[in-house]
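Q: Have a look at this one before I ask anything.
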Amino acid sequence: GAGVSQSPSNKVTEKGKDVELRCDPISGHTALYWYRQSLGQGLEFLIYFQGNSAPDKSGLPSDRFSAERTGGSVSTLTIQRTQQEDSAVYLCASSLGPPTVTDTQYFGPGTRLTVL
Amino acid sequence: GENVEQHPSTLSVQEGDSAVIKCTYSDSASNYFPWYKQELGKRPQLIIDIRSNVGEKKDQRIAVTLNKTAKHFSLHITETQPEDSAVYFCAASYGNKLVFGAGTILRVKS
């Protein structure tokens, strides 16, 4: 079946503008994660959604970052007033619930964000 | 705090040799340790994982070992092939999330 998809694949924006990144998880997966991968770095946890529970936002680096998940499916990561240090690849992953972290996470292809 | 250290950062081996990547974690409550492979420009993909109730797991040329007392785990790739060249990430569970190591660039020279 279809895997995790993300859009856009690439986004170039000017400093100070807002951007929205979209993630479509695998159908039926109740857990959804956002990560950030800077050049040559590991995967930095940003936020985690599980069903209708309150999300775990502990990884969001600042209040310019927010995310929502509508209807327990599609998720949108919003970055307001983008800064150059926000440039990175933003990866989404989903896993099958009921969730424990031991459920395999399947990653999307990522969105490469470049802030000029 | 939540921390996963991964070594080495780069590793070059000759085709057919073995490769070992090591990770340490800080939280004794961590109970799940996956390894992901990321080829250039592609998404990370799970290659093997281990849970805290076992010490070793093997899948063909890939094996993972876990030492809970020392809080470290390792990935072993035997008979390396050029297609094994990629970035490998270890991760450890902390509550409902995974904390990843910084990655190891593996180059297999033919």
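In the structure tokens, the first chain shown is A, the next is B, and so on; residue numbers restart at 1 for each chain, and ligands run from 1 in the order shown.
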Residues of chain B in strand (DSSP E) according to DSSP, as a ChimeraX atom specification?

A: /B:4-7,10-14,19-25,32-38,45-51,56-59,62-67,72-77,86-94,97-100,104-109

Q: Excluding same-chain residues fewer than 3 positions from stretch 111-115 of chain A, what lies within 6 Å of it counting only C-alpha atoms, as a PyMOL selection string?

A: chain A and resi 8-15+84+87-90

Q: Show which residues sit within 7 Å of stretch 103-106 of chain B, as a VMD selection string. Count only C-alpha atoms, and ignore same-chain residues fewer than 3 positions away.

A: (chain A and resid 41 to 42) or (chain B and resid 6 to 12 85 to 89)

Q: Between atom CA of B:Ile62 and atom CA of B:Lys97, measure the distance and give it in Å to one decimal.

A: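 Between these atoms lies a distance of 24.4 Å.
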
Q: Find the residues near A:Val4: any atom within 9 Å, counting only C-alpha atoms, skip ones fewer than 2 places away on the same chain, and give them as a ChimeraX atom specification.

A: /A:2,6,23-27,92-94,106-109

Q: For chain A against chain B, which residues fall within 10 Å using only C-alpha atoms, given as a ChimeraX atom specification?

A: /A:31,33,37,40-50,56,59,91-93,99-110

Q: Could you write out that same residue set with C-alpha atoms as a CSV table (one decimal), in the first residue's frame?

A:
chain,number,residue,atom,x,y,z
A,31,ALA,CA,0.7,7.7,15.8
A,33,TYR,CA,5.9,12.0,14.5
A,37,GLN,CA,17.3,16.6,10.1
A,40,GLY,CA,25.0,16.0,8.5
A,41,GLN,CA,23.0,15.6,11.7
A,42,GLY,CA,20.8,13.1,13.3
A,43,LEU,CA,17.0,13.2,13.6
A,44,GLU,CA,15.7,15.7,16.1
A,45,PHE,CA,12.3,14.9,17.6
A,46,LEU,CA,9.8,17.8,17.2
A,47,ILE,CA,6.3,16.6,18.1
A,48,TYR,CA,4.2,13.4,18.5
A,49,PHE,CA,0.5,12.8,17.9
A,50,GLN,CA,-1.4,9.8,19.2
A,56,ASP,CA,3.7,15.7,22.9
A,59,GLY,CA,10.7,18.8,21.0
A,91,LEU,CA,10.6,14.3,8.2
A,92,CYS,CA,7.3,12.8,9.2
A,93,ALA,CA,6.8,9.2,10.4
A,99,PRO,CA,0.9,3.0,20.1
A,100,THR,CA,3.9,2.2,22.1
A,101,VAL,CA,7.2,3.5,20.8
A,102,THR,CA,8.1,-0.1,19.9
A,103,ASP,CA,5.8,0.1,16.9
A,104,THR,CA,7.9,0.5,13.8
A,105,GLN,CA,8.0,4.0,12.5
A,106,TYR,CA,7.7,4.5,8.7
A,107,PHE,CA,9.2,7.7,7.4
A,108,GLY,CA,8.1,9.9,4.6
A,109,PRO,CA,10.5,11.3,2.0
A,110,GLY,CA,10.8,14.6,3.8

Q: Write out as a compact mmCIF listing (two decimals) with N, CA and C atoms, in the first residue's frame the residues lying within 7 Å of A:Leu21, counting only C-alpha atoms and excluding same-chain residues fewer than 2 positions away.

A:
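Output file around37.txt is given in full below:
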# COMPACT_ATOMS: atom_id res chain seq x y z
N SER A 7 4.46 16.78 1.53
CA SER A 7 4.50 17.81 0.49
C SER A 7 4.69 19.17 1.14
N PRO A 8 5.37 20.10 0.44
CA PRO A 8 6.08 19.85 -0.81
C PRO A 8 7.37 19.07 -0.56
N VAL A 19 5.70 29.13 6.69
CA VAL A 19 5.60 27.97 5.80
C VAL A 19 4.75 26.89 6.45
N CYS A 23 1.95 16.32 5.97
CA CYS A 23 2.28 14.89 6.07
C CYS A 23 1.00 14.07 5.98
N THR A 76 -0.12 18.94 9.69
CA THR A 76 0.54 20.10 9.12
C THR A 76 1.49 20.68 10.16
N LEU A 77 2.73 20.88 9.77
CA LEU A 77 3.72 21.56 10.60
C LEU A 77 3.87 22.97 10.07
N THR A 78 3.67 23.95 10.94
CA THR A 78 3.76 25.35 10.54
C THR A 78 4.94 25.99 11.23

Q: Can you tell me, as number ranges by chain, what residues are no more than 12 Å from A:Asp63 when counting only C-alpha atoms, ignoring any on the same chain fewer than 4 positions away?

A: A: 46, 57-59, 67, 78-82

Q: Can you list, as a PyMOL selection string, every protein, DNA or RNA residue that comes within 7 Å of B:Ala63 when you count only C-alpha atoms, leaving out same-chain residues fewer than 3 positions away?

A: chain B and resi 57-59+75-77

Q: Based on the selection just made, write N, CA and C atoms of those residues as a PDB file, in the first residue's frame.

A:
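Final output, saved to selection36.pdb:
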ATOM      1  N   LYS B  57      20.074 -10.028  18.358  1.00  0.00           N
ATOM      2  CA  LYS B  57      19.123 -10.363  17.295  1.00  0.00           C
ATOM      3  C   LYS B  57      19.875 -10.343  15.980  1.00  0.00           C
ATOM      4  N   LYS B  58      19.559 -11.301  15.114  1.00  0.00           N
ATOM      5  CA  LYS B  58      20.288 -11.407  13.853  1.00  0.00           C
ATOM      6  C   LYS B  58      19.317 -11.532  12.695  1.00  0.00           C
ATOM      7  N   ASP B  59      19.677 -10.907  11.589  1.00  0.00           N
ATOM      8  CA  ASP B  59      18.884 -11.012  10.368  1.00  0.00           C
ATOM      9  C   ASP B  59      19.857 -11.034   9.202  1.00  0.00           C
ATOM     10  N   LEU B  75      25.553  -2.313  16.228  1.00  0.00           N
ATOM     11  CA  LEU B  75      25.121  -2.884  14.947  1.00  0.00           C
ATOM     12  C   LEU B  75      26.334  -3.539  14.302  1.00  0.00           C
ATOM     13  N   HIS B  76      26.147  -4.764  13.854  1.00  0.00           N
ATOM     14  CA  HIS B  76      27.218  -5.502  13.204  1.00  0.00           C
ATOM     15  C   HIS B  76      26.754  -5.878  11.804  1.00  0.00           C
ATOM     16  N   ILE B  77      27.551  -5.499  10.812  1.00  0.00           N
ATOM     17  CA  ILE B  77      27.262  -5.895   9.433  1.00  0.00           C
ATOM     18  C   ILE B  77      28.430  -6.750   8.963  1.00  0.00           C
TER      19      ILE B  77
END

Q: When you count only C-alpha atoms, which of these residues is closest to B:Trp35: B:Val54, B:Val64, B:Ala19, B:Val13?

A: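 Using only C-alpha atoms, B:Trp35 sits closest to B:Val64.
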
Q: Grab the atom CA of A:Pro55 to atom CA of B:Thr24 distance for me, in Å with one decimal place.

A: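 Computed distance, atom CA of A:Pro55 to atom CA of B:Thr24, equals 27.6 Å.
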
Q: What is the distance, in Å and to one decimal place, between atom CA of A:Val74 and atom CA of A:Leu96?

A: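 Value for the atom CA of A:Val74-atom CA of A:Leu96 distance: 14.6 Å.
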
Q: Determine the nearest neighbour of A:Gly72 from the options A:Ser38, A:Leu32, A:Ser95, A:Glu85, counting only C-alpha atoms.

A: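 Answer, going by the shortest atom-to-atom distance: A:Leu32.
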